[in-house]
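The file my_file.txt comes next; it holds compact mmCIF, C-alpha atoms (C1' of nucleotides).
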# COMPACT_ATOMS: atom_id res chain seq x y z
CA MET A 275 -33.84 14.83 -0.04
CA THR A 276 -34.07 12.44 -3.00
CA ALA A 277 -30.66 11.40 -4.30
CA PRO A 278 -30.08 11.61 -8.04
CA SER A 279 -30.03 8.25 -9.85
CA ALA A 280 -26.73 6.62 -10.76
CA ASP A 281 -26.90 7.34 -14.49
CA VAL A 282 -27.84 10.97 -13.96
CA ARG A 283 -24.76 11.21 -11.78
CA THR A 284 -22.66 9.46 -14.41
CA ASP A 285 -23.79 12.04 -16.96
CA ALA A 286 -22.89 14.81 -14.53
CA PHE A 287 -19.39 13.38 -14.22
CA VAL A 288 -18.92 13.13 -17.98
CA ALA A 289 -20.31 16.63 -18.47
CA ALA A 290 -17.94 17.97 -15.83
CA LEU A 291 -14.99 16.37 -17.60
CA ALA A 292 -15.96 17.91 -20.93
CA ARG A 293 -16.62 21.28 -19.34
CA ALA A 294 -13.16 21.27 -17.78
CA GLY A 295 -11.57 20.51 -21.14
CA GLN A 296 -10.58 17.02 -20.03
CA ARG A 297 -10.68 14.09 -22.41
CA VAL A 298 -13.64 11.79 -22.03
CA THR A 299 -11.81 8.48 -22.31
CA LEU A 300 -13.26 5.01 -21.95
CA PRO A 301 -11.57 4.31 -18.60
CA ARG A 302 -12.76 7.64 -17.21
CA GLN A 303 -16.30 6.93 -18.31
CA ALA A 304 -16.11 3.50 -16.72
CA ALA A 305 -14.73 5.00 -13.52
CA ALA A 306 -17.49 7.63 -13.50
CA ARG A 307 -20.13 4.94 -13.93
CA LEU A 308 -18.69 2.83 -11.14
CA VAL A 309 -18.30 5.77 -8.78
CA ALA A 310 -21.85 6.92 -9.49
CA ALA A 311 -23.18 3.43 -8.78
CA ARG A 312 -21.54 3.22 -5.39
CA ILE A 313 -23.38 3.90 -2.17
CA GLY A 314 -21.28 5.41 0.56
CA HIS A 315 -17.54 5.81 0.64
CA PHE A 316 -15.15 3.65 -1.32
CA THR A 317 -11.45 3.16 -1.79
CA ALA A 318 -9.34 3.11 -4.92
CA ALA A 319 -8.90 -0.64 -4.44
CA GLN A 320 -12.65 -1.18 -4.27
CA LEU A 321 -13.13 0.76 -7.47
CA MET A 322 -10.60 -1.48 -9.17
CA GLU A 323 -12.47 -4.54 -7.97
CA ASP A 324 -15.72 -3.06 -9.26
CA ALA A 325 -14.14 -2.49 -12.64
CA GLU A 326 -12.81 -6.02 -12.73
CA ALA A 327 -16.22 -7.39 -11.73
CA ALA A 328 -17.92 -5.30 -14.42
CA GLY A 329 -15.65 -6.86 -17.02
CA GLU A 330 -13.84 -3.64 -17.79
CA PRO A 331 -10.66 -3.70 -15.70
CA ILE A 332 -8.85 -0.41 -15.20
CA GLY A 333 -5.17 -0.18 -14.38
CA ARG A 334 -4.21 0.79 -10.86
CA ALA A 335 -2.48 3.99 -11.93
CA THR A 336 -5.45 5.00 -14.03
CA VAL A 337 -7.85 4.52 -11.15
CA PHE A 338 -5.76 6.77 -8.94
CA ARG A 339 -5.44 9.33 -11.71
CA ALA A 340 -9.17 9.29 -12.40
CA LEU A 341 -9.97 9.74 -8.72
CA ASP A 342 -7.46 12.58 -8.45
CA LEU A 343 -9.06 14.19 -11.47
CA PHE A 344 -12.58 13.78 -10.11
CA ALA A 345 -11.38 15.21 -6.81
CA SER A 346 -9.80 18.22 -8.51
CA LEU A 347 -13.13 18.83 -10.24
CA GLY A 348 -14.93 18.58 -6.92
CA LEU A 349 -16.92 15.52 -7.99
CA VAL A 350 -15.55 13.34 -5.25
CA GLU A 351 -13.65 14.13 -2.10
CA ARG A 352 -11.04 12.29 -0.18
CA VAL A 353 -11.91 11.51 3.41
CA ASP A 354 -9.91 10.02 6.23
CA LEU A 355 -11.76 7.29 8.04
CA PRO A 356 -11.49 6.94 11.84
CA ASP A 357 -9.23 3.91 11.36
CA GLY A 358 -6.75 6.04 9.43
CA ASN A 359 -7.59 4.67 6.01
CA HIS A 360 -8.37 6.86 3.06
CA ALA A 361 -11.53 6.72 1.03
CA PHE A 362 -13.54 8.78 -1.41
CA VAL A 363 -17.11 10.02 -1.35
CA VAL A 364 -19.21 11.56 -4.11
CA CYS A 365 -20.06 15.15 -3.24
CA ARG A 366 -20.98 18.65 -4.22
CA ALA A 367 -18.39 21.06 -5.51
CA VAL A 368 -18.70 23.79 -2.88
CA HIS A 369 -16.79 23.57 0.36
CA HIS A 370 -18.57 21.43 2.88
CA HIS A 371 -18.12 18.53 5.23
CA HIS A 372 -19.31 14.97 5.52
CA ALA A 373 -21.28 12.97 8.01
CA ILE A 374 -20.31 9.38 7.40
CA CYS A 375 -22.19 6.34 8.62
CA THR A 376 -19.76 3.94 10.23
CA ARG A 377 -22.06 1.01 9.51
CA CYS A 378 -23.17 1.39 5.88
CA GLY A 379 -20.68 3.99 4.72
CA ARG A 380 -23.35 6.33 3.39
CA SER A 381 -22.34 9.98 3.59
CA VAL A 382 -24.36 13.16 3.84
CA ASP A 383 -23.00 16.56 2.91
CA ILE A 384 -22.99 19.11 5.71
CA SER A 385 -22.93 22.83 5.15
CA ASP A 386 -19.96 24.78 6.39
CA ALA A 387 -22.09 27.60 7.74
CA SER A 388 -22.31 26.64 11.39
CA LEU A 389 -18.55 26.46 11.64
CA GLY A 390 -17.77 30.01 10.60
CA GLU A 391 -18.17 31.70 13.96
CA ALA A 392 -16.37 28.91 15.80
CA LEU A 393 -13.45 29.28 13.42
CA ALA A 394 -13.25 33.03 13.88
CA ALA A 395 -13.21 32.55 17.64
CA VAL A 396 -10.31 30.12 17.37
CA GLU A 397 -8.37 32.58 15.20
CA ARG A 398 -8.86 35.28 17.80
CA GLN A 399 -7.76 33.01 20.62
CA THR A 400 -4.73 31.45 19.00
CA GLY A 401 -3.44 34.08 16.61
CA PHE A 402 -3.49 31.49 13.87
CA ARG A 403 -4.54 32.55 10.42
CA MET A 404 -6.53 29.56 9.21
CA THR A 405 -6.18 28.56 5.61
CA ALA A 406 -7.87 25.18 5.56
CA HIS A 407 -9.78 22.85 7.78
CA ARG A 408 -11.22 19.41 7.74
CA LEU A 409 -14.23 18.28 9.67
CA GLU A 410 -15.43 14.72 9.49
CA LEU A 411 -18.38 13.44 11.45
CA PHE A 412 -18.86 9.76 12.11
CA GLY A 413 -21.92 8.04 13.43
CA LEU A 414 -24.94 6.02 12.46
CA CYS A 415 -27.32 7.25 9.77
CA ALA A 416 -31.01 7.31 10.67
CA GLU A 417 -31.67 3.92 9.05
CA CYS A 418 -28.74 2.13 10.62
CA ALA A 419 -29.52 3.68 13.99
CA ALA A 420 -33.13 2.51 13.73
CA SER A 421 -32.43 -0.94 12.38
CA GLY A 422 -30.09 -2.52 14.81
CA VAL A 423 -26.97 -2.96 16.74
CA ARG A 424 -23.66 -1.12 16.56
CA MET B 45 0.78 30.13 27.31
CA THR B 46 4.20 28.86 28.30
CA ALA B 47 4.83 25.37 27.03
CA PRO B 48 6.29 22.87 29.48
CA SER B 49 9.96 22.06 28.92
CA ALA B 50 10.98 18.90 27.11
CA ASP B 51 12.20 17.04 30.19
CA VAL B 52 9.12 17.90 32.20
CA ARG B 53 7.12 16.42 29.36
CA THR B 54 9.36 13.36 29.25
CA ASP B 55 8.68 12.81 32.94
CA ALA B 56 4.98 13.17 32.32
CA PHE B 57 5.18 10.46 29.66
CA VAL B 58 7.09 8.08 31.92
CA ALA B 59 4.72 8.79 34.81
CA ALA B 60 1.75 8.09 32.58
CA LEU B 61 3.24 4.76 31.55
CA ALA B 62 3.79 3.72 35.13
CA ARG B 63 0.34 4.90 36.17
CA ALA B 64 -1.22 2.79 33.43
CA GLY B 65 0.68 -0.28 34.60
CA GLN B 66 2.82 -0.31 31.49
CA ARG B 67 6.46 -1.28 31.62
CA VAL B 68 8.92 1.56 31.51
CA THR B 69 11.37 0.07 29.06
CA LEU B 70 14.45 1.69 27.61
CA PRO B 71 13.00 2.06 24.11
CA ARG B 72 9.83 3.61 25.52
CA GLN B 73 11.83 6.08 27.57
CA ALA B 74 13.89 6.96 24.54
CA ALA B 75 10.76 7.40 22.46
CA ALA B 76 9.20 9.57 25.18
CA ARG B 77 12.30 11.76 25.29
CA LEU B 78 12.39 12.15 21.52
CA VAL B 79 8.68 12.88 21.27
CA ALA B 80 8.92 15.42 24.08
CA ALA B 81 11.81 17.13 22.34
CA ARG B 82 9.96 17.57 19.07
CA ILE B 83 8.27 20.78 18.09
CA GLY B 84 5.15 20.36 16.04
CA HIS B 85 3.90 17.23 14.40
CA PHE B 86 6.08 14.31 13.46
CA THR B 87 5.82 10.97 11.75
CA ALA B 88 6.88 7.53 12.92
CA ALA B 89 9.67 7.63 10.35
CA GLN B 90 10.98 10.93 11.72
CA LEU B 91 11.01 9.52 15.22
CA MET B 92 13.09 6.59 14.00
CA GLU B 93 15.54 9.00 12.40
CA ASP B 94 15.71 10.98 15.63
CA ALA B 95 16.47 7.80 17.55
CA GLU B 96 19.15 6.85 15.07
CA ALA B 97 20.67 10.34 15.27
CA ALA B 98 20.64 10.22 19.07
CA GLY B 99 22.66 7.01 18.97
CA GLU B 100 19.85 4.88 20.37
CA PRO B 101 18.13 3.33 17.38
CA ILE B 102 14.67 1.85 17.95
CA GLY B 103 13.18 -0.84 15.76
CA ARG B 104 10.44 0.15 13.39
CA ALA B 105 7.86 -2.08 15.03
CA THR B 106 8.74 -0.73 18.44
CA VAL B 107 8.34 2.86 17.32
CA PHE B 108 4.87 2.12 16.00
CA ARG B 109 3.99 0.22 19.14
CA ALA B 110 5.25 3.01 21.38
CA LEU B 111 3.29 5.62 19.44
CA ASP B 112 0.16 3.47 19.58
CA LEU B 113 0.66 3.11 23.31
CA PHE B 114 1.20 6.85 23.81
CA ALA B 115 -1.88 7.49 21.71
CA SER B 116 -3.97 5.07 23.75
CA LEU B 117 -2.84 6.93 26.87
CA GLY B 118 -3.81 10.24 25.28
CA LEU B 119 -0.25 11.54 25.33
CA VAL B 120 -0.07 11.98 21.59
CA GLU B 121 -2.72 11.99 18.93
CA ARG B 122 -2.73 10.92 15.36
CA VAL B 123 -3.60 13.60 12.85
CA ASP B 124 -4.17 13.49 9.13
CA LEU B 125 -2.28 16.17 7.30
CA PRO B 126 -3.86 18.00 4.35
CA ASP B 127 -1.65 16.00 1.99
CA GLY B 128 -3.12 12.77 3.29
CA ASN B 129 -0.11 11.72 5.34
CA HIS B 130 -0.34 10.69 8.94
CA ALA B 131 1.50 12.31 11.76
CA PHE B 132 1.43 12.58 15.53
CA VAL B 133 1.21 15.57 17.85
CA VAL B 134 1.75 15.76 21.58
CA CYS B 135 -1.47 16.71 23.33
CA ARG B 136 -3.73 16.75 26.32
CA ALA B 137 -5.78 13.72 27.22
CA VAL B 138 -9.27 15.22 27.01
CA HIS B 139 -11.13 15.34 23.72
CA HIS B 140 -10.10 18.32 21.69
CA HIS B 141 -8.90 19.40 18.28
CA HIS B 142 -5.74 20.78 16.75
CA ALA B 143 -4.79 23.89 14.90
CA ILE B 144 -1.70 22.97 12.95
CA CYS B 145 0.73 25.41 11.39
CA THR B 146 1.39 24.36 7.82
CA ARG B 147 4.76 26.10 7.88
CA CYS B 148 6.45 25.09 11.14
CA GLY B 149 4.22 22.18 12.12
CA ARG B 150 3.53 23.57 15.58
CA SER B 151 0.12 22.62 16.89
CA VAL B 152 -2.20 24.24 19.39
CA ASP B 153 -4.95 22.38 21.19
CA ILE B 154 -8.44 23.71 20.59
CA SER B 155 -11.33 23.11 22.93
CA ASP B 156 -14.27 21.16 21.67
CA ALA B 157 -16.80 23.49 23.26
CA SER B 158 -17.71 25.68 20.32
CA LEU B 159 -18.57 22.65 18.26
CA GLY B 160 -21.26 21.22 20.49
CA GLU B 161 -24.21 23.24 19.26
CA ALA B 162 -23.17 22.89 15.62
CA LEU B 163 -23.04 19.13 16.08
CA ALA B 164 -26.47 18.98 17.65
CA ALA B 165 -27.88 20.97 14.75
CA VAL B 166 -26.39 18.54 12.26
CA GLU B 167 -27.88 15.59 14.14
CA ARG B 168 -31.31 17.21 14.00
CA GLN B 169 -31.02 17.94 10.30
CA THR B 170 -29.65 14.60 9.14
CA GLY B 171 -31.04 12.08 11.58
CA PHE B 172 -27.49 10.82 12.16
CA ARG B 173 -26.50 9.80 15.64
CA MET B 174 -22.91 11.04 15.85
CA THR B 175 -20.41 8.88 17.66
CA ALA B 176 -17.13 10.49 16.70
CA HIS B 177 -15.76 13.43 14.83
CA ARG B 178 -12.52 14.85 13.72
CA LEU B 179 -11.73 18.50 13.22
CA GLU B 180 -8.36 19.64 12.01
CA LEU B 181 -7.53 23.25 11.38
CA PHE B 182 -4.63 24.24 9.18
CA GLY B 183 -3.09 27.64 8.83
CA LEU B 184 -0.19 29.79 9.89
CA CYS B 185 0.63 30.27 13.52
CA ALA B 186 1.03 33.86 14.70
CA GLU B 187 4.82 33.79 14.35
CA CYS B 188 4.87 32.27 10.89
CA ALA B 189 2.12 34.61 9.75
CA ALA B 190 4.08 37.59 11.04
CA SER B 191 7.46 36.52 9.80
CA GLY B 192 7.07 35.92 6.15
CA VAL B 193 5.74 34.33 3.08
CA ARG B 194 3.52 31.25 2.70
C1' DA C 35 -12.57 9.99 -43.85
C1' DT C 36 -7.80 10.40 -42.51
C1' DG C 37 -3.79 11.78 -40.21
C1' DC C 38 -1.60 14.01 -36.50
C1' DT C 39 -0.28 14.87 -31.90
C1' DA C 40 -0.77 15.91 -27.19
C1' DG C 41 -2.69 13.67 -23.65
C1' DT C 42 -3.85 9.09 -21.64
C1' DT C 43 -3.26 4.38 -20.49
C1' DG C 44 -1.51 0.36 -18.05
C1' DA C 45 2.25 -3.02 -17.11
C1' DT C 46 5.84 -2.93 -14.19
C1' DA C 47 8.89 -1.51 -10.83
C1' DC C 48 9.55 1.11 -6.97
C1' DT C 49 8.90 3.65 -2.38
C1' DG C 50 7.04 4.16 1.97
C1' DT C 51 3.93 2.97 5.74
C1' DG C 52 2.30 -0.05 8.83
C1' DT C 53 1.63 -5.07 10.40
C1' DC C 54 2.99 -9.80 11.71
C1' DT C 55 5.98 -13.41 13.38
C1' DC C 56 9.01 -15.33 16.34
C1' DA C 57 13.38 -16.03 18.62
C1' DT C 58 15.72 -13.31 22.03
C1' DA C 59 15.99 -9.99 25.72
C1' DT C 60 14.35 -7.60 29.87
C1' DG C 61 11.44 -5.17 33.55
C1' DG C 62 9.97 -5.76 37.80
C1' DA C 63 7.73 -8.69 41.21
C1' DA C 64 8.73 -12.45 44.34
C1' DT D 92 18.77 -13.65 42.31
C1' DT D 93 15.37 -16.05 39.89
C1' DC D 94 11.62 -16.22 36.96
C1' DC D 95 8.22 -15.29 33.52
C1' DA D 96 4.96 -12.32 31.32
C1' DT D 97 5.80 -8.81 28.45
C1' DA D 98 8.51 -6.19 25.18
C1' DT D 99 11.90 -5.94 21.57
C1' DG D 100 13.66 -5.93 16.86
C1' DA D 101 15.09 -8.26 12.53
C1' DG D 102 13.02 -9.54 8.72
C1' DA D 103 9.21 -10.81 5.87
C1' DC D 104 4.95 -9.32 4.44
C1' DA D 105 0.71 -6.62 2.77
C1' DC D 106 -0.88 -2.65 0.92
C1' DA D 107 -1.34 2.24 -0.85
C1' DG D 108 0.28 5.27 -3.82
C1' DT D 109 3.85 7.04 -7.30
C1' DA D 110 7.15 6.92 -11.30
C1' DT D 111 8.44 5.38 -15.81
C1' DC D 112 7.76 4.63 -20.36
C1' DA D 113 6.29 2.41 -24.62
C1' DA D 114 1.88 1.86 -26.79
C1' DC D 115 -2.54 3.75 -27.60
C1' DT D 116 -6.42 7.08 -28.51
C1' DA D 117 -9.56 11.29 -28.33
C1' DG D 118 -10.53 14.78 -30.78
C1' DC D 119 -8.90 18.47 -33.65
C1' DA D 120 -7.27 19.90 -38.29
C1' DT D 121 -7.19 18.79 -42.75
Kindly return the structure encoded in the file as structure tokens.
Amino acid sequence: MTAPSADVRTDAFVAALARAGQRVTLPRQAAARLVAARIGHFTAAQLMEDAEAAGEPIGRATVFRALDLFASLGLVERVDLPDGNHAFVVCRAVHHHHAICTRCGRSVDISDASLGEALAAVERQTGFRMTAHRLELFGLCAECAASGVR
Amino acid sequence: MTAPSADVRTDAFVAALARAGQRVTLPRQAAARLVAARIGHFTAAQLMEDAEAAGEPIGRATVFRALDLFASLGLVERVDLPDGNHAFVVCRAVHHHHAICTRCGRSVDISDASLGEALAAVERQTGFRMTAHRLELFGLCAECAASGVR
DNA sequence: ATGCTAGTTGATACTGTGTCTCATATGGAA
DNA sequence: TTCCATATGAGACACAGTATCAACTAGCAT
């Protein structure tokens, strides 16, 4: 389970933009680079700080638009943290879920497979026809669990 | 699956306040009544409008405090809607999940049981030690599914 | 290389949500 | 009835996210 390096991921972002017929602008490239360099989840505000720190500030609106775009391309996904705040995580394009470390913020993609039968059972019980669902798991990743408190 | 009436639920709210050693104030009673009268999920802002409409306006801060209190007593729960907004639903006190109708907002409590094995599997695979999770199901309730579009 | 144009940017203003403060009011025990 | 810890609410604040719009630019056509 070796994670791809940050610049490989940056290239993947840029390639995805081009493939989708989206313009590869300087701010989008910068955003892609900053997102790819991040470990764990991050907020729009953090990304703006990163950009500022990297000497290539990006306007607030542009950051939100870039993140929306990345999300619509399945490159990142919006998650709701336990405290009610919103954040983004880098992820695969297919439907899946996230296990998020509450200490370091790292996230691991989880396959949807094990949920299928449980979902079907709920549909039978409730009469609901499910169209979407969100599952977010919070805990400590192996390293954080091994290395200390909280 | 007959839902308790609104005033039975109001009483349950007031009883829960008293049981927890919390003061049964006028604004809290009003909030309890308004929450109990709602069908489906609602936001803090909606509850304020309800209070206004009922001729017993409640301050913004008080509404948030009352909802936080109800949530801490397990009388309501905060949910994150697919659009990223926050809302509240009335619910049982034990850990469970919600199936939320995207058309009428009605929500049905779902037991946690079917998730246990899936969770354990994820822990084995990822090395995470899970401490919390959130599952929200969105779809059409039986009535909305039967009675029309969307 | 150059020009063109649709799409993009970012400064700014705005909306809405939730929090904080603090003077005033009140529930409920004595 | 008195008293005081607790709750209230007006208003100011902090922050996320959106809307507007004039200026800019990516990338195509020439």
The coordinates of chain A, once least-squares superposed on chain B over all sequentially paired C-alpha atoms, should be supplied as a compact mmCIF listing (two decimals) with C-alpha atoms, in the coordinates of the input.
# COMPACT_ATOMS: atom_id res chain seq x y z
CA MET A 275 0.57 30.09 27.49
CA THR A 276 4.07 28.86 28.38
CA ALA A 277 4.75 25.35 27.10
CA PRO A 278 6.24 22.86 29.54
CA SER A 279 9.93 22.07 28.97
CA ALA A 280 10.94 18.90 27.16
CA ASP A 281 12.18 17.01 30.22
CA VAL A 282 9.09 17.86 32.25
CA ARG A 283 7.09 16.41 29.39
CA THR A 284 9.33 13.34 29.28
CA ASP A 285 8.66 12.78 32.97
CA ALA A 286 4.94 13.14 32.34
CA PHE A 287 5.15 10.44 29.68
CA VAL A 288 7.06 8.06 31.94
CA ALA A 289 4.68 8.75 34.82
CA ALA A 290 1.71 8.07 32.57
CA LEU A 291 3.20 4.74 31.53
CA ALA A 292 3.74 3.69 35.14
CA ARG A 293 0.30 4.88 36.15
CA ALA A 294 -1.28 2.79 33.41
CA GLY A 295 0.59 -0.29 34.58
CA GLN A 296 2.76 -0.32 31.47
CA ARG A 297 6.40 -1.32 31.60
CA VAL A 298 8.87 1.53 31.52
CA THR A 299 11.35 0.04 29.07
CA LEU A 300 14.45 1.67 27.65
CA PRO A 301 13.01 2.07 24.14
CA ARG A 302 9.82 3.61 25.52
CA GLN A 303 11.81 6.06 27.60
CA ALA A 304 13.88 6.96 24.56
CA ALA A 305 10.74 7.40 22.48
CA ALA A 306 9.18 9.57 25.19
CA ARG A 307 12.29 11.74 25.31
CA LEU A 308 12.38 12.14 21.55
CA VAL A 309 8.67 12.88 21.30
CA ALA A 310 8.90 15.43 24.10
CA ALA A 311 11.82 17.15 22.37
CA ARG A 312 9.96 17.58 19.12
CA ILE A 313 8.28 20.81 18.12
CA GLY A 314 5.19 20.39 16.02
CA HIS A 315 3.91 17.25 14.40
CA PHE A 316 6.10 14.32 13.46
CA THR A 317 5.84 10.98 11.76
CA ALA A 318 6.89 7.53 12.90
CA ALA A 319 9.71 7.65 10.35
CA GLN A 320 10.98 10.94 11.73
CA LEU A 321 11.01 9.53 15.23
CA MET A 322 13.11 6.63 14.01
CA GLU A 323 15.55 9.03 12.42
CA ASP A 324 15.71 11.00 15.67
CA ALA A 325 16.48 7.83 17.57
CA GLU A 326 19.18 6.88 15.11
CA ALA A 327 20.67 10.38 15.31
CA ALA A 328 20.62 10.26 19.11
CA GLY A 329 22.64 7.05 19.00
CA GLU A 330 19.86 4.92 20.40
CA PRO A 331 18.14 3.34 17.39
CA ILE A 332 14.69 1.88 17.94
CA GLY A 333 13.21 -0.81 15.73
CA ARG A 334 10.47 0.19 13.34
CA ALA A 335 7.87 -2.04 14.98
CA THR A 336 8.75 -0.71 18.40
CA VAL A 337 8.34 2.88 17.28
CA PHE A 338 4.88 2.14 15.95
CA ARG A 339 3.98 0.24 19.10
CA ALA A 340 5.25 3.03 21.34
CA LEU A 341 3.29 5.63 19.40
CA ASP A 342 0.16 3.48 19.53
CA LEU A 343 0.65 3.12 23.26
CA PHE A 344 1.19 6.84 23.78
CA ALA A 345 -1.90 7.50 21.67
CA SER A 346 -4.00 5.07 23.72
CA LEU A 347 -2.87 6.92 26.84
CA GLY A 348 -3.83 10.23 25.25
CA LEU A 349 -0.26 11.53 25.31
CA VAL A 350 -0.07 11.96 21.58
CA GLU A 351 -2.71 11.99 18.90
CA ARG A 352 -2.72 10.92 15.33
CA VAL A 353 -3.59 13.61 12.83
CA ASP A 354 -4.17 13.51 9.11
CA LEU A 355 -2.30 16.21 7.27
CA PRO A 356 -3.90 18.02 4.31
CA ASP A 357 -1.67 16.05 1.94
CA GLY A 358 -3.13 12.79 3.24
CA ASN A 359 -0.12 11.77 5.29
CA HIS A 360 -0.35 10.72 8.89
CA ALA A 361 1.50 12.32 11.74
CA PHE A 362 1.43 12.59 15.50
CA VAL A 363 1.22 15.56 17.83
CA VAL A 364 1.76 15.77 21.58
CA CYS A 365 -1.48 16.73 23.30
CA ARG A 366 -3.73 16.77 26.30
CA ALA A 367 -5.76 13.74 27.25
CA VAL A 368 -9.25 15.23 27.03
CA HIS A 369 -11.09 15.36 23.75
CA HIS A 370 -10.08 18.33 21.70
CA HIS A 371 -8.88 19.38 18.29
CA HIS A 372 -5.73 20.76 16.75
CA ALA A 373 -4.77 23.88 14.89
CA ILE A 374 -1.69 22.96 12.93
CA CYS A 375 0.74 25.38 11.35
CA THR A 376 1.39 24.34 7.78
CA ARG A 377 4.76 26.08 7.81
CA CYS A 378 6.46 25.06 11.07
CA GLY A 379 4.23 22.18 12.08
CA ARG A 380 3.55 23.58 15.54
CA SER A 381 0.13 22.61 16.87
CA VAL A 382 -2.18 24.25 19.36
CA ASP A 383 -4.92 22.39 21.18
CA ILE A 384 -8.42 23.71 20.59
CA SER A 385 -11.30 23.13 22.95
CA ASP A 386 -14.26 21.16 21.71
CA ALA A 387 -16.77 23.50 23.30
CA SER A 388 -17.67 25.69 20.35
CA LEU A 389 -18.54 22.66 18.28
CA GLY A 390 -21.22 21.22 20.53
CA GLU A 391 -24.17 23.24 19.29
CA ALA A 392 -23.14 22.87 15.66
CA LEU A 393 -23.01 19.12 16.12
CA ALA A 394 -26.43 18.96 17.71
CA ALA A 395 -27.85 20.96 14.81
CA VAL A 396 -26.38 18.51 12.31
CA GLU A 397 -27.87 15.57 14.22
CA ARG A 398 -31.28 17.20 14.09
CA GLN A 399 -30.99 17.91 10.38
CA THR A 400 -29.63 14.58 9.23
CA GLY A 401 -31.00 12.06 11.68
CA PHE A 402 -27.49 10.81 12.23
CA ARG A 403 -26.46 9.79 15.70
CA MET A 404 -22.88 11.02 15.89
CA THR A 405 -20.39 8.87 17.69
CA ALA A 406 -17.11 10.48 16.73
CA HIS A 407 -15.76 13.42 14.84
CA ARG A 408 -12.49 14.83 13.72
CA LEU A 409 -11.75 18.47 13.21
CA GLU A 410 -8.37 19.61 12.00
CA LEU A 411 -7.53 23.23 11.36
CA PHE A 412 -4.63 24.21 9.16
CA GLY A 413 -3.08 27.61 8.78
CA LEU A 414 -0.18 29.77 9.81
CA CYS A 415 0.65 30.27 13.48
CA ALA A 416 1.06 33.86 14.65
CA GLU A 417 4.85 33.77 14.28
CA CYS A 418 4.90 32.24 10.83
CA ALA A 419 2.15 34.60 9.68
CA ALA A 420 4.14 37.58 10.96
CA SER A 421 7.52 36.49 9.72
CA GLY A 422 7.12 35.90 6.06
CA VAL A 423 5.80 34.32 2.99
CA ARG A 424 3.54 31.31 2.52
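Distance annotation: of B:Ala88, B:Ala190, B:Ala157, B:Cys185, the residue with the minimal separation from chain A is B:Cys185; atom set is only C-alpha atoms.
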Considering all atoms listed in the file, extract the chain A residues located within 10 Å of chain C and return them as an mmCIF file with C-alpha atoms, in the frame of the given file.
data_model
loop_
_atom_site.group_PDB
_atom_site.id
_atom_site.type_symbol
_atom_site.label_atom_id
_atom_site.label_comp_id
_atom_site.auth_asym_id
_atom_site.auth_seq_id
_atom_site.Cartn_x
_atom_site.Cartn_y
_atom_site.Cartn_z
ATOM 1 C CA GLN A 296 -10.580 17.020 -20.030
ATOM 2 C CA ARG A 297 -10.680 14.090 -22.410
ATOM 3 C CA THR A 299 -11.810 8.480 -22.310
ATOM 4 C CA PRO A 301 -11.570 4.310 -18.600
ATOM 5 C CA ILE A 332 -8.850 -0.410 -15.200
ATOM 6 C CA GLY A 333 -5.170 -0.180 -14.380
ATOM 7 C CA ARG A 334 -4.210 0.790 -10.860
ATOM 8 C CA ALA A 335 -2.480 3.990 -11.930
ATOM 9 C CA THR A 336 -5.450 5.000 -14.030
#
Residues within 9 Å of range 112-129 of chain B, only C-alpha atoms (C1' of nucleotides), excluding chain neighbours under 6 positions, as a ChimeraX atom specification: /A:352-354,358,360,406-408 /B:56-57,60-61,64,76,79,85,87,135-138,142,144,146,180,182
For chain D, report every residue with an atom at most 10 Å from chain B (counting only C-alpha atoms (C1' of nucleotides)), formatted as a VMD selection string. chain D and resid 97 to 101
Please measure the separation of CA of Thr284 in chain A and CA of Ala311 in chain A, giving the value in Å to one decimal.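 We find that CA of Thr284 in chain A and CA of Ala311 in chain A lie 8.3 Å from each other.
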With all atoms listed in the file as the atoms that count, which of A:Cys418, A:Leu341, A:Val364, A:Leu409 lies nearest to Ser385 in chain A?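 For Ser385 in chain A, the nearest of the given residues is A:Leu409.
The interatomic distance for the pair CA of Gly84 in chain B and CA of Leu393 in chain A works out to 20.8 Å.
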Name the residues, using the chain letters and numbers of the file, that sit within 10 Å of (-14.0, 28.9, 17.0) when counting only C-alpha atoms (C1' of nucleotides), and give them as a PDB file with C-alpha atoms, in the frame of the given file.
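Saved to out.pdb:
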ATOM      1  CA  LEU A 389     -18.550  26.460  11.640  1.00  0.00           C
ATOM      2  CA  GLY A 390     -17.770  30.010  10.600  1.00  0.00           C
ATOM      3  CA  GLU A 391     -18.170  31.700  13.960  1.00  0.00           C
ATOM      4  CA  ALA A 392     -16.370  28.910  15.800  1.00  0.00           C
ATOM      5  CA  LEU A 393     -13.450  29.280  13.420  1.00  0.00           C
ATOM      6  CA  ALA A 394     -13.250  33.030  13.880  1.00  0.00           C
ATOM      7  CA  ALA A 395     -13.210  32.550  17.640  1.00  0.00           C
ATOM      8  CA  VAL A 396     -10.310  30.120  17.370  1.00  0.00           C
ATOM      9  CA  GLU A 397      -8.370  32.580  15.200  1.00  0.00           C
ATOM     10  CA  ARG A 398      -8.860  35.280  17.800  1.00  0.00           C
ATOM     11  CA  GLN A 399      -7.760  33.010  20.620  1.00  0.00           C
ATOM     12  CA  THR A 400      -4.730  31.450  19.000  1.00  0.00           C
TER      13      THR A 400
ATOM     14  CA  ILE B 154      -8.440  23.710  20.590  1.00  0.00           C
ATOM     15  CA  SER B 155     -11.330  23.110  22.930  1.00  0.00           C
ATOM     16  CA  ASP B 156     -14.270  21.160  21.670  1.00  0.00           C
ATOM     17  CA  ALA B 157     -16.800  23.490  23.260  1.00  0.00           C
ATOM     18  CA  SER B 158     -17.710  25.680  20.320  1.00  0.00           C
ATOM     19  CA  LEU B 159     -18.570  22.650  18.260  1.00  0.00           C
TER      20      LEU B 159
END
